[in-house]
Each structure stands twice: as structure tokens, then as C-alpha cells.
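As stored in upload.txt (compact mmCIF, C-alpha atoms and all ligand atoms):
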```
# COMPACT_ATOMS: atom_id res chain seq x y z
CA MET A 30 -11.15 -3.33 22.39
CA VAL A 31 -10.49 0.05 24.00
CA THR A 32 -12.84 2.88 24.88
CA LEU A 33 -12.40 6.16 23.05
CA HIS A 34 -13.96 9.11 24.84
CA VAL A 35 -15.16 11.56 22.24
CA SER A 36 -16.23 15.13 23.03
CA HIS A 37 -18.09 17.36 20.66
CA GLY A 38 -18.47 20.74 22.29
CA ARG A 39 -20.37 19.94 25.48
CA ARG A 40 -21.56 16.56 24.28
CA ARG A 41 -19.77 13.34 25.18
CA ALA A 42 -19.84 9.81 23.80
CA ALA A 43 -17.93 6.60 24.39
CA VAL A 44 -16.95 4.71 21.24
CA LEU A 45 -15.47 1.22 21.41
CA LEU A 46 -12.48 0.67 19.13
CA LYS A 47 -11.76 -2.91 18.15
CA LEU A 48 -8.06 -2.70 17.37
CA GLU A 49 -7.27 -5.34 14.78
CA SER A 50 -3.63 -4.28 14.95
CA SER A 51 -3.41 -6.79 17.83
CA ASN A 52 -3.49 -9.66 15.31
CA PRO A 53 -0.21 -11.47 14.48
CA THR A 54 0.79 -9.31 11.49
CA GLY A 55 -1.14 -6.27 12.60
CA SER A 56 -4.46 -6.30 10.75
CA SER A 57 -7.88 -7.90 10.36
CA LYS A 58 -6.50 -9.66 7.30
CA ASP A 59 -4.74 -12.24 9.49
CA ARG A 60 -8.20 -13.74 9.98
CA THR A 61 -8.99 -13.69 6.24
CA ALA A 62 -5.62 -15.22 5.38
CA VAL A 63 -6.07 -18.15 7.78
CA GLY A 64 -9.50 -18.80 6.26
CA LEU A 65 -8.19 -18.68 2.68
CA VAL A 66 -5.16 -20.87 3.36
CA ARG A 67 -7.20 -23.50 5.22
CA GLN A 68 -9.73 -23.59 2.39
CA MET A 69 -7.00 -23.98 -0.25
CA HIS A 70 -5.39 -26.72 1.81
CA ARG A 71 -8.71 -28.57 2.03
CA GLU A 72 -9.18 -28.36 -1.73
CA SER A 73 -5.67 -29.55 -2.51
CA PRO A 74 -2.99 -29.81 0.19
CA LEU A 75 -0.45 -27.02 0.38
CA HIS A 76 3.09 -28.23 1.00
CA PRO A 77 6.65 -26.89 1.09
CA GLY A 78 7.29 -25.37 -2.32
CA SER A 79 3.65 -24.40 -2.95
CA VAL A 80 3.26 -20.97 -4.54
CA VAL A 81 0.21 -18.82 -3.82
CA VAL A 82 -0.48 -15.58 -5.65
CA GLU A 83 -2.91 -12.83 -4.65
CA SER A 84 -3.82 -9.26 -5.44
CA THR A 85 -3.50 -7.22 -2.25
CA SER A 86 -3.42 -3.64 -1.05
CA GLY A 87 -0.93 -4.72 1.61
CA ASN A 88 -2.42 -6.26 4.72
CA LEU A 89 -3.66 -9.52 3.27
CA GLY A 90 -0.30 -9.88 1.56
CA ILE A 91 1.60 -9.57 4.83
CA ALA A 92 -0.67 -12.13 6.50
CA MET A 93 -0.46 -14.57 3.57
CA ALA A 94 3.31 -14.17 3.26
CA ARG A 95 3.68 -15.13 6.92
CA LEU A 96 1.51 -18.24 6.59
CA LEU A 97 3.18 -19.42 3.37
CA ASP A 98 6.58 -18.85 4.93
CA GLU A 99 5.55 -21.00 7.92
CA ILE A 100 4.68 -23.96 5.71
CA GLY A 101 7.77 -23.58 3.54
CA GLY A 102 5.82 -22.24 0.57
CA ARG A 103 6.12 -18.93 -1.24
CA PHE A 104 3.76 -16.01 -1.67
CA VAL A 105 3.63 -13.75 -4.70
CA ALA A 106 1.94 -10.41 -3.93
CA VAL A 107 0.52 -8.24 -6.68
CA VAL A 108 0.31 -4.75 -5.13
CA ASP A 109 0.04 -1.19 -6.45
CA LEU A 110 1.51 2.26 -5.93
CA ASN A 111 -0.89 2.96 -3.01
CA THR A 112 0.55 0.00 -1.09
CA PRO A 113 2.66 1.52 1.68
CA ALA A 114 6.41 0.94 1.46
CA GLU A 115 6.28 -0.50 4.99
CA SER A 116 3.77 -3.16 3.88
CA ARG A 117 5.88 -4.17 0.90
CA ALA A 118 8.93 -4.47 3.16
CA ALA A 119 6.97 -6.60 5.65
CA MET A 120 5.90 -9.02 2.89
CA MET A 121 9.47 -9.33 1.67
CA ARG A 122 10.68 -10.05 5.21
CA PHE A 123 8.43 -13.14 5.07
CA GLY A 124 10.08 -14.14 1.78
CA ALA A 125 7.33 -12.91 -0.54
CA GLU A 126 7.90 -11.79 -4.09
CA VAL A 127 6.27 -8.38 -4.54
CA VAL A 128 5.12 -7.23 -7.98
CA VAL A 129 3.97 -3.60 -8.20
CA VAL A 130 1.28 -2.48 -10.64
CA GLY A 131 1.84 1.15 -11.65
CA ASP A 132 -1.00 1.87 -14.06
CA VAL A 133 -4.36 3.16 -12.87
CA ASP A 134 -7.32 1.40 -14.53
CA ASP A 135 -10.35 3.06 -16.14
CA SER A 136 -12.11 3.38 -12.78
CA GLY A 137 -9.30 5.40 -11.20
CA GLY A 138 -8.01 2.50 -9.06
CA TYR A 139 -5.58 -0.36 -9.59
CA LEU A 140 -7.70 -3.41 -8.86
CA HIS A 141 -8.59 -4.38 -12.43
CA ASN A 142 -4.95 -4.17 -13.48
CA ARG A 143 -3.82 -6.11 -10.42
CA LEU A 144 -6.29 -8.90 -11.20
CA ARG A 145 -5.24 -8.95 -14.85
CA LEU A 146 -1.65 -9.50 -13.73
CA VAL A 147 -2.66 -12.26 -11.28
CA ARG A 148 -4.44 -14.12 -14.11
CA GLN A 149 -1.41 -13.65 -16.36
CA LEU A 150 0.97 -14.98 -13.70
CA CYS A 151 -1.25 -18.05 -13.19
CA ALA A 152 -1.43 -18.64 -16.94
CA ASP A 153 2.37 -18.38 -17.27
CA ASN A 154 3.05 -20.52 -14.18
CA PRO A 155 0.57 -23.43 -13.96
CA GLU A 156 1.84 -24.37 -10.49
CA TYR A 157 0.73 -21.01 -9.05
CA ARG A 158 -2.51 -21.02 -7.04
CA TRP A 159 -4.72 -17.95 -6.59
CA SER A 160 -6.42 -17.65 -3.20
CA ASN A 161 -8.97 -15.18 -4.67
CA GLN A 162 -9.96 -13.08 -1.67
CA TYR A 163 -12.58 -11.38 -3.89
CA GLY A 164 -14.68 -14.48 -4.47
CA ASN A 165 -13.59 -17.19 -2.04
CA PRO A 166 -16.38 -17.80 0.54
CA ALA A 167 -13.65 -18.56 3.08
CA ASN A 168 -13.08 -14.79 3.29
CA PRO A 169 -16.46 -13.78 4.82
CA LEU A 170 -16.67 -17.09 6.68
CA ALA A 171 -13.54 -16.22 8.67
CA HIS A 172 -15.28 -13.09 9.93
CA GLU A 173 -18.61 -14.76 10.53
CA LEU A 174 -16.93 -17.38 12.72
CA GLY A 175 -14.24 -15.16 14.25
CA THR A 176 -14.57 -11.37 14.12
CA GLY A 177 -18.35 -11.23 14.58
CA PRO A 178 -18.67 -13.39 17.71
CA GLU A 179 -15.55 -11.82 19.23
CA LEU A 180 -16.87 -8.32 18.62
CA VAL A 181 -20.22 -9.11 20.25
CA GLU A 182 -18.58 -10.78 23.23
CA GLN A 183 -16.21 -7.86 23.80
CA ALA A 184 -18.79 -5.12 23.25
CA GLY A 185 -21.33 -6.57 25.64
CA ARG A 186 -25.08 -6.20 25.84
CA ASP A 187 -25.28 -2.48 24.98
CA LEU A 188 -23.84 -2.88 21.47
CA ASP A 189 -26.17 -1.06 19.09
CA ALA A 190 -24.10 -0.15 16.02
CA VAL A 191 -21.00 -1.33 14.16
CA TYR A 192 -18.95 0.59 11.61
CA VAL A 193 -16.92 -1.54 9.19
CA ALA A 194 -14.66 -0.53 6.27
CA VAL A 195 -15.21 -2.30 2.96
CA SER A 196 -12.96 -3.38 0.14
CA THR A 197 -13.63 -6.99 -0.86
CA GLY A 198 -16.52 -6.71 1.60
CA GLY A 199 -15.52 -9.98 3.27
CA THR A 200 -15.12 -8.51 6.75
CA LEU A 201 -18.48 -6.76 6.67
CA ALA A 202 -20.33 -9.67 5.02
CA GLY A 203 -19.12 -12.10 7.70
CA ILE A 204 -19.80 -9.78 10.63
CA SER A 205 -23.21 -8.93 9.18
CA ARG A 206 -24.20 -12.56 8.76
CA TYR A 207 -23.39 -13.20 12.40
CA LEU A 208 -25.10 -10.06 13.69
CA ARG A 209 -28.25 -10.42 11.57
CA ALA A 210 -28.65 -13.96 12.94
CA THR A 211 -27.90 -13.22 16.59
CA ARG A 212 -28.39 -9.47 17.20
CA PRO A 213 -30.73 -8.22 14.46
CA GLN A 214 -31.34 -4.90 16.21
CA VAL A 215 -27.70 -3.80 15.78
CA ARG A 216 -27.25 -1.12 13.11
CA ILE A 217 -24.59 -2.07 10.56
CA VAL A 218 -22.82 0.71 8.70
CA ALA A 219 -20.65 0.05 5.65
CA VAL A 220 -17.86 2.62 5.46
CA ASP A 221 -16.38 3.17 2.03
CA ALA A 222 -13.94 5.60 0.46
CA HIS A 223 -15.02 8.34 -1.92
CA GLY A 224 -14.14 7.10 -5.39
CA SER A 225 -14.72 3.44 -4.52
CA VAL A 226 -17.54 1.37 -6.01
CA ALA A 227 -17.35 -1.51 -3.51
CA VAL A 228 -20.97 -0.86 -2.46
CA GLY A 229 -22.05 1.34 -5.39
CA GLY A 230 -21.15 4.97 -6.00
CA CYS A 231 -18.93 6.66 -8.56
CA ALA A 232 -15.40 5.58 -9.40
CA GLY A 233 -12.57 8.04 -8.86
CA ARG A 234 -8.96 8.49 -7.81
CA ARG A 235 -8.11 7.45 -4.25
CA LEU A 236 -5.08 7.74 -1.98
CA LEU A 237 -6.37 5.57 0.84
CA SER A 238 -5.02 2.06 0.97
CA GLY A 239 -6.99 -0.97 2.20
CA ILE A 240 -10.49 0.51 2.08
CA GLY A 241 -12.38 0.81 -1.22
CA ALA A 242 -12.32 -1.07 -4.51
CA SER A 243 -12.74 -0.32 -8.18
CA ARG A 244 -15.34 -3.05 -8.55
CA ARG A 245 -18.40 -4.12 -6.57
CA SER A 246 -18.01 -6.50 -3.67
CA SER A 247 -19.19 -9.98 -4.60
CA PHE A 248 -19.99 -10.74 -0.96
CA LEU A 249 -22.28 -7.84 -0.10
CA THR A 250 -25.94 -7.33 -0.87
CA PRO A 251 -27.77 -4.21 0.38
CA SER A 252 -29.52 -6.27 3.06
CA ALA A 253 -26.14 -6.84 4.72
CA TYR A 254 -25.99 -3.25 5.97
CA ASP A 255 -28.32 -0.48 7.07
CA ALA A 256 -26.38 2.48 5.70
CA VAL A 257 -23.34 3.38 3.64
CA VAL A 258 -21.13 6.29 4.68
CA ARG A 259 -18.47 7.44 2.22
CA VAL A 260 -15.49 9.32 3.56
CA THR A 261 -12.85 11.23 1.59
CA ASP A 262 -9.20 10.34 1.91
CA VAL A 263 -8.43 13.88 3.14
CA ARG A 264 -10.98 13.63 5.98
CA SER A 265 -9.77 10.09 6.87
CA PHE A 266 -6.12 11.20 7.04
CA ALA A 267 -7.06 14.25 9.11
CA MET A 268 -9.05 12.12 11.55
CA CYS A 269 -6.10 9.75 12.04
CA ARG A 270 -3.70 12.63 12.62
CA VAL A 271 -5.95 14.38 15.14
CA LEU A 272 -6.55 11.08 16.96
CA ALA A 273 -2.79 10.37 17.10
CA ALA A 274 -1.97 13.89 18.29
CA GLU A 275 -4.56 13.81 21.07
CA THR A 276 -4.33 10.22 22.29
CA GLY A 277 -1.02 8.77 21.04
CA LEU A 278 -2.97 6.06 19.28
CA SER A 279 -1.98 5.79 15.62
CA VAL A 280 -4.29 3.89 13.31
CA GLY A 281 -4.43 3.17 9.58
CA GLY A 282 -6.26 5.35 7.07
CA SER A 283 -9.34 3.14 6.82
CA SER A 284 -9.71 3.33 10.61
CA GLY A 285 -9.83 7.11 10.18
CA SER A 286 -12.68 6.64 7.69
CA VAL A 287 -14.52 4.37 10.13
CA LEU A 288 -14.09 6.74 13.06
CA SER A 289 -15.22 9.67 10.93
CA ALA A 290 -18.40 7.82 9.88
CA CYS A 291 -19.14 6.80 13.45
CA VAL A 292 -18.60 10.24 14.95
CA SER A 293 -20.80 11.90 12.35
CA GLU A 294 -23.66 9.53 13.23
CA VAL A 295 -23.13 9.61 16.99
CA PHE A 296 -23.16 13.41 17.06
CA GLY A 297 -25.78 13.76 14.34
CA ARG A 298 -29.08 15.36 15.29
CA PRO A 299 -30.83 13.63 16.93
CA PRO A 300 -28.04 11.49 18.40
CA VAL A 301 -28.23 8.10 16.74
CA ARG A 302 -26.24 5.64 18.81
CA ARG A 303 -25.38 4.90 22.43
CA SER A 304 -22.83 2.12 22.25
CA PRO A 305 -21.13 1.92 18.86
CA VAL A 306 -18.15 -0.21 17.87
CA CYS A 307 -15.62 0.85 15.26
CA LEU A 308 -13.69 -2.00 13.69
CA MET A 309 -10.21 -0.53 13.20
CA PRO A 310 -8.60 -2.76 10.52
CA ASP A 311 -4.97 -1.88 11.20
CA GLY A 312 -2.56 0.34 13.11
CA GLY A 313 -0.61 3.38 11.99
CA ASP A 314 2.86 1.84 11.84
CA ASN A 315 2.61 1.05 8.14
CA TYR A 316 1.69 4.63 7.29
CA LEU A 317 4.37 6.64 9.08
CA THR A 318 6.04 7.46 5.75
CA SER A 319 2.75 8.16 3.98
CA PHE A 320 -0.15 10.16 5.41
CA TYR A 321 1.45 10.74 8.82
CA ASP A 322 4.30 12.43 6.96
CA ASP A 323 3.74 16.01 5.73
CA SER A 324 6.18 15.65 2.85
CA TRP A 325 4.25 12.65 1.45
CA LEU A 326 0.99 14.62 1.67
CA ARG A 327 2.71 17.54 -0.09
CA ILE A 328 3.92 15.28 -2.92
CA LYS A 329 0.38 13.94 -3.30
CA GLY A 330 -0.93 17.52 -3.43
CA VAL A 331 -3.19 17.26 -0.36
CA LEU A 332 -1.15 18.71 2.51
CA GLY A 333 -3.12 21.98 2.58
CA ALA A 334 -6.45 20.15 2.41
CA VAL A 335 -5.51 17.72 5.21
CA ARG A 336 -4.32 20.57 7.45
CA GLU A 337 -7.54 22.43 6.75
CA ALA A 338 -9.58 19.32 7.59
CA GLU A 339 -7.65 18.93 10.88
CA ARG A 340 -8.43 22.57 11.72
CA ALA A 341 -12.09 22.01 10.87
CA ILE A 342 -12.29 18.94 13.12
CA ARG A 343 -10.85 20.93 16.02
CA ALA A 344 -12.91 24.04 15.25
CA ARG A 345 -16.06 21.94 15.52
CA GLY A 346 -15.01 21.10 19.07
CA LEU A 347 -14.27 17.45 18.39
CA SER A 348 -11.67 15.92 20.68
CA PHE A 349 -10.55 12.45 21.75
CA ALA A 350 -9.16 10.80 24.87
CA VAL A 351 -8.25 7.24 25.80
CA ASP A 352 -7.40 5.68 29.09
CA ARG A 353 -3.64 5.34 28.65
CA ALA A 354 -3.37 2.43 31.07
CA GLU A 355 -5.99 0.50 29.10
CA LEU A 356 -4.34 1.31 25.80
CA GLY A 357 -0.72 0.94 26.83
CA SER A 358 -1.13 -2.58 28.11
CA ARG A 359 -2.73 -3.78 24.88
CA VAL A 360 -0.91 -2.16 21.99
CA GLY A 361 2.70 -1.44 21.33
CA TYR A 362 2.63 1.49 19.00
CA LEU A 363 2.02 4.55 21.11
CA ARG A 364 3.83 7.32 19.32
CA ASN A 365 4.88 9.41 22.30
C1 LIG B 1 -6.62 -1.38 6.13
C2 LIG B 1 -7.82 -2.09 5.58
N1 LIG B 1 -9.03 -1.61 5.82
C3 LIG B 1 -10.14 -2.19 5.31
C4 LIG B 1 -10.07 -3.32 4.54
C5 LIG B 1 -11.33 -3.93 3.97
O1 LIG B 1 -11.52 -5.29 4.26
P1 LIG B 1 -12.36 -6.24 3.31
O2 LIG B 1 -11.51 -6.59 2.12
O3 LIG B 1 -12.66 -7.45 4.14
O4 LIG B 1 -13.60 -5.52 2.90
C6 LIG B 1 -8.82 -3.84 4.26
C7 LIG B 1 -8.67 -4.97 3.37
O5 LIG B 1 -7.64 -5.17 2.77
C8 LIG B 1 -7.67 -3.22 4.81
O6 LIG B 1 -6.44 -3.69 4.55
```
What do you get writing this file as C-alpha cells?
Ligand SMILES: Cc1ncc(COP(=O)(O)O)c(C=O)c1O
Amino acid sequence: MVTLHVSHGRRRAAVLLKLESSNPTGSSKDRTAVGLVRQMHRESPLHPGSVVVESTSGNLGIAMARLLDEIGGRFVAVVDLNTPAESRAAMMRFGAEVVVVGDVDDSGGYLHNRLRLVRQLCADNPEYRWSNQYGNPANPLAHELGTGPELVEQAGRDLDAVYVAVSTGGTLAGISRYLRATRPQVRIVAVDAHGSVAVGGCAGRRLLSGIGASRRSSFLTPSAYDAVVRVTDVRSFAMCRVLAAETGLSVGGSSGSVLSACVSEVFGRPPVRRSPVCLMPDGGDNYLTSFYDDSWLRIKGVLGAVREAERAIRARGLSFAVDRAELGSRVGYLRN
């Protein structure tokens, strides 16, 4: 966890960033993957030669591919066109087979088509096993037993709000279960992407990877969170780019959504929170050829909008600083 000093005109706030990029394959999904693999192994032992298939936007796939590789098994990842090229390459380095879904479903996302393909692969190959991150209780349990307690321990007594990105909802559901039981006064904010229906809302096209889903989370009920904040992909990308330019810290797109949601509450009127924690699901390394790259944004038709959003963030007097010594000793992806 590192402290981000945020200024907004003359106002100042300290936001704690829990950098999940410090996990073995660089994201919060390492925790989910360990939970899923252990659960599968308990149900029926995994062994060399076992094949596990899963629908993934990237991070879970990298984490699963690593674990399956370690036990001599094989991982089949069903991804989509929003999955960064870097993530696909990382899965393949761990020996995974990567199948890319190219057709958007009726809700403007890829999830339904990815799941259809997973079911088809399992039907065609009876030896394949589906870890089912969307319904397996081992997903939220990993965060209830791991992420939640760790977050509370690192944040200390002043913790009063957490901001968590949702897709399957497993991370938030697990953290929420732990917090509601042990620190019920902490405000829990679900951060979702515009165009996602993970916690309600209207379906639409999205460029963000990792955050958001084209179907409702099966793990989350409204009592698990106090508020939902939806952030556009343009605003999320702009936030990441401003943060990287000002601090050298590059984070993934969903972390930009989380930071945006947090900052808008912290500097809302009246100020809402004193000691908030942003769970930053992954680092920026896997996005250097996507939203950190102007030509990718141009191809996607959003370069002008992202630049405008960056200008607006700066024009509003928002700026960021981190203690470089604190950051440099913990993460290895400073960009300059
Ligand atoms: C970058 C990123 N952010 C957020 C999430 C959301 O996590 P969850 O599926 O636990 O809701 C994911 C999940 O894949 C992710 O990869």
C-alpha cells in the first residue's frame, strides 16, 4: 500500500493505494486463481495433464496459466478483443492455449459469447474442467480470507472507505463480507464501468478491460455496498495517464476508474472521506500498447476525448504526488 497525495486546488487529501500489481503475476486475480484451483483440487484432484478452461478478460487467465503450468496441467483461456496483447502473450508464456472471441454480444460486451464458447469446449472435450469464476464461491472466499484482512491491517484504524472495481464481483463480495463483519462503519463503494451491468445499469460498448460485465454479478447483493459509482472508459484512461505523467506510477484502466470514483467522493461537497483505500487491481505494464499509446486511442476513436478529459482533470486543479522512495522500493514499473 502506498500513499497518494492528491491536491484539488487548495484542498489536499491522502488516498491509500493498495497495489495488487505486487502479486505474483501482477494482479488481484492471483488470489482468485489460487482459491479456484484449490477448490477444484478438493472436488477432484488436479494432476499433470489436467486441462482447465475459463473465460477471462486477461488477469485471471495469466494467474491460472501460471498455476496450471506449475502442476504440469494446461490452461485454455477464452478471451476477447479487449484483452490486451500483453496479457495474451503472458498467458502463452505459461503454456496456455488462448482462444479469442471476436463477436460482441447483444449487450455490447463479449461475456455471453465467451461463456458460450467455454460451454462448447467442455461439451466437445469431456476431460476439460471449467473453474467458473462467475459462480464458484471460492472466488469471493479468496478475498474474504485474504484481500479483506490484509487491506484492513495495512490501512490501519483510520480506514473509513474502500473503492473496489467490479466484474464478477468476487473481489468486492469477499472484501465486503469481511468488512461488514469486522468494520461495519467502513463505506464500501462498488466502482463499475459505464456500459456494464455487473451491479445494474444499462448495457453498452466498453473499451476498458477487467472492470465491468455484460451480466449481473452472482456474488453481489445491494447490501454488499453503500454506493455504486460508474466511470466512463475515457475518464478512466485519462486518470491513469495523468497519474502516470505526474507520479511515474502506471496502473491499469480499472484502477483509473477506482481512483476517479474515490477522488470525486473525497473532494465532493461536503468532503466525504478522511482515510480512503483504493484497491488497484493491476499495474500499467499490460496496457502500454493500448490506452497509454496515442495511436491505439486514435484507432479506437477516443484520442480527442481522452486528451480533453486529461485537460479537464488538470484544469480542475487536480494533481497527484507519491513519495518516490516509498513507491520505488515496492514496485518495479516506474516509467521514468
Ligand atoms: C483489471 C481488473 N480490474 C477489476 C476486476 C474485477 O474483479 P472481480 O472479477 O473480482 O469483480 C478484474 C477482474 O478480472 C480485473 O482484471
Neighbours of Arg95 of chain A within 10 Å (all atoms listed in the file; same-chain residues fewer than 3 positions away dropped), as a PDB file with C-alpha atoms, in the frame of the given file?
```pdb
ATOM      1  CA  PRO A  53      -0.210 -11.470  14.480  1.00  0.00           C
ATOM      2  CA  THR A  54       0.790  -9.310  11.490  1.00  0.00           C
ATOM      3  CA  ASP A  59      -4.740 -12.240   9.490  1.00  0.00           C
ATOM      4  CA  ALA A  62      -5.620 -15.220   5.380  1.00  0.00           C
ATOM      5  CA  LEU A  89      -3.660  -9.520   3.270  1.00  0.00           C
ATOM      6  CA  GLY A  90      -0.300  -9.880   1.560  1.00  0.00           C
ATOM      7  CA  ILE A  91       1.600  -9.570   4.830  1.00  0.00           C
ATOM      8  CA  ALA A  92      -0.670 -12.130   6.500  1.00  0.00           C
ATOM      9  CA  ASP A  98       6.580 -18.850   4.930  1.00  0.00           C
ATOM     10  CA  GLU A  99       5.550 -21.000   7.920  1.00  0.00           C
ATOM     11  CA  ILE A 100       4.680 -23.960   5.710  1.00  0.00           C
ATOM     12  CA  GLY A 101       7.770 -23.580   3.540  1.00  0.00           C
ATOM     13  CA  GLY A 102       5.820 -22.240   0.570  1.00  0.00           C
ATOM     14  CA  ARG A 103       6.120 -18.930  -1.240  1.00  0.00           C
ATOM     15  CA  PHE A 104       3.760 -16.010  -1.670  1.00  0.00           C
ATOM     16  CA  ALA A 119       6.970  -6.600   5.650  1.00  0.00           C
ATOM     17  CA  MET A 120       5.900  -9.020   2.890  1.00  0.00           C
ATOM     18  CA  MET A 121       9.470  -9.330   1.670  1.00  0.00           C
ATOM     19  CA  ARG A 122      10.680 -10.050   5.210  1.00  0.00           C
ATOM     20  CA  PHE A 123       8.430 -13.140   5.070  1.00  0.00           C
ATOM     21  CA  GLY A 124      10.080 -14.140   1.780  1.00  0.00           C
ATOM     22  CA  ALA A 125       7.330 -12.910  -0.540  1.00  0.00           C
TER      23      ALA A 125
END
```
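Proximity ranking of A:Ile204, A:Val63, A:Leu272, A:Val195 relative to His223 of chain A places A:Val195 first, based on only C-alpha atoms.
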| task | Find the spatial neighbours of segment 140-143 of chain A, counting all atoms listed in the file, within a cut-off of 8 Å - ignore same-chain residues fewer than 2 positions away - and output them as a PyMOL selection string. | result | chain A and resi 84+107-109+130+132-134+138+145-147+242-244
| said: I need the residue nearest Phe266 of chain A from this list: A:Val228, A:Ser252, A:Ala334, A:Arg245. Use all atoms listed in the file for the distance. | reply: A:Ala334
Taking all atoms listed in the file into account, produce a table as JSON lines in which each residue of chain A with an atom at most 9 Å from an atom of ligand LIG 1 (chain B) appears once, together with its shortest atom pair and the distance in Å to one decimal, ordered by chain and rising number.
```
{"residue": "A:Ser56", "atom": "CA", "partner": "B:LIG1", "partner_atom": "O6", "distance": 7.0}
{"residue": "A:Ser57", "atom": "CA", "partner": "B:LIG1", "partner_atom": "C8", "distance": 7.3}
{"residue": "A:Lys58", "atom": "CA", "partner": "B:LIG1", "partner_atom": "O5", "distance": 6.5}
{"residue": "A:Thr61", "atom": "CA", "partner": "B:LIG1", "partner_atom": "O3", "distance": 7.5}
{"residue": "A:Thr85", "atom": "CA", "partner": "B:LIG1", "partner_atom": "O5", "distance": 6.8}
{"residue": "A:Ser86", "atom": "CA", "partner": "B:LIG1", "partner_atom": "O5", "distance": 5.9}
{"residue": "A:Gly87", "atom": "CA", "partner": "B:LIG1", "partner_atom": "O6", "distance": 6.3}
{"residue": "A:Asn88", "atom": "CA", "partner": "B:LIG1", "partner_atom": "O6", "distance": 4.8}
{"residue": "A:Leu89", "atom": "CA", "partner": "B:LIG1", "partner_atom": "O5", "distance": 5.9}
{"residue": "A:Gly90", "atom": "CA", "partner": "B:LIG1", "partner_atom": "O5", "distance": 8.8}
{"residue": "A:Gln162", "atom": "CA", "partner": "B:LIG1", "partner_atom": "O2", "distance": 7.7}
{"residue": "A:Tyr163", "atom": "CA", "partner": "B:LIG1", "partner_atom": "O2", "distance": 7.8}
{"residue": "A:Asn168", "atom": "CA", "partner": "B:LIG1", "partner_atom": "O3", "distance": 7.4}
{"residue": "A:Pro169", "atom": "CA", "partner": "B:LIG1", "partner_atom": "O3", "distance": 7.4}
{"residue": "A:His172", "atom": "CA", "partner": "B:LIG1", "partner_atom": "O3", "distance": 8.5}
{"residue": "A:Val193", "atom": "CA", "partner": "B:LIG1", "partner_atom": "C3", "distance": 7.8}
{"residue": "A:Ala194", "atom": "CA", "partner": "B:LIG1", "partner_atom": "C3", "distance": 4.9}
{"residue": "A:Val195", "atom": "CA", "partner": "B:LIG1", "partner_atom": "O4", "distance": 3.6}
{"residue": "A:Ser196", "atom": "CA", "partner": "B:LIG1", "partner_atom": "O4", "distance": 3.6}
{"residue": "A:Thr197", "atom": "CA", "partner": "B:LIG1", "partner_atom": "O2", "distance": 3.7}
{"residue": "A:Gly198", "atom": "CA", "partner": "B:LIG1", "partner_atom": "O4", "distance": 3.4}
{"residue": "A:Gly199", "atom": "CA", "partner": "B:LIG1", "partner_atom": "O3", "distance": 3.9}
{"residue": "A:Thr200", "atom": "CA", "partner": "B:LIG1", "partner_atom": "O3", "distance": 3.7}
{"residue": "A:Leu201", "atom": "CA", "partner": "B:LIG1", "partner_atom": "O4", "distance": 6.3}
{"residue": "A:Ala202", "atom": "CA", "partner": "B:LIG1", "partner_atom": "O3", "distance": 8.0}
{"residue": "A:Gly203", "atom": "CA", "partner": "B:LIG1", "partner_atom": "O3", "distance": 8.7}
{"residue": "A:Asp221", "atom": "CA", "partner": "B:LIG1", "partner_atom": "C3", "distance": 8.9}
{"residue": "A:Ala227", "atom": "CA", "partner": "B:LIG1", "partner_atom": "O4", "distance": 8.4}
{"residue": "A:Leu237", "atom": "CA", "partner": "B:LIG1", "partner_atom": "C1", "distance": 8.7}
{"residue": "A:Ser238", "atom": "CA", "partner": "B:LIG1", "partner_atom": "C1", "distance": 6.4}
{"residue": "A:Gly239", "atom": "CA", "partner": "B:LIG1", "partner_atom": "C8", "distance": 3.5}
{"residue": "A:Ile240", "atom": "CA", "partner": "B:LIG1", "partner_atom": "C3", "distance": 4.2}
{"residue": "A:Gly241", "atom": "CA", "partner": "B:LIG1", "partner_atom": "C5", "distance": 7.1}
{"residue": "A:Ala242", "atom": "CA", "partner": "B:LIG1", "partner_atom": "O2", "distance": 8.7}
{"residue": "A:Ser246", "atom": "CA", "partner": "B:LIG1", "partner_atom": "O4", "distance": 8.0}
{"residue": "A:Gly281", "atom": "CA", "partner": "B:LIG1", "partner_atom": "C1", "distance": 6.1}
{"residue": "A:Gly282", "atom": "CA", "partner": "B:LIG1", "partner_atom": "C1", "distance": 6.8}
{"residue": "A:Ser283", "atom": "CA", "partner": "B:LIG1", "partner_atom": "N1", "distance": 4.9}
{"residue": "A:Ser284", "atom": "CA", "partner": "B:LIG1", "partner_atom": "N1", "distance": 6.9}
{"residue": "A:Met309", "atom": "CA", "partner": "B:LIG1", "partner_atom": "N1", "distance": 7.6}
{"residue": "A:Pro310", "atom": "CA", "partner": "B:LIG1", "partner_atom": "N1", "distance": 4.9}
{"residue": "A:Asp311", "atom": "CA", "partner": "B:LIG1", "partner_atom": "C1", "distance": 5.4}
{"residue": "A:Gly312", "atom": "CA", "partner": "B:LIG1", "partner_atom": "C1", "distance": 8.3}
```
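Restricting the calculation to all atoms listed in the file, the smallest distance between Phe349 of chain A and any of A:Pro251, A:Gly38, A:Pro305, A:Pro155 is found for A:Gly38.
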| query | Pick the closest to Arg340 of chain A from A:Leu236, A:Thr318, A:Gly164, A:Met268: which is it, counting all atoms listed in the file? | reply |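 Result for the nearest residue to Arg340 of chain A: A:Met268.
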| Between atom CA of Val218 of chain A and atom CA of Pro178 of chain A, what is the spacing in Å? |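 One can read the atom CA of Pro178 of chain A to atom CA of Val218 of chain A distance as 17.2 Å.
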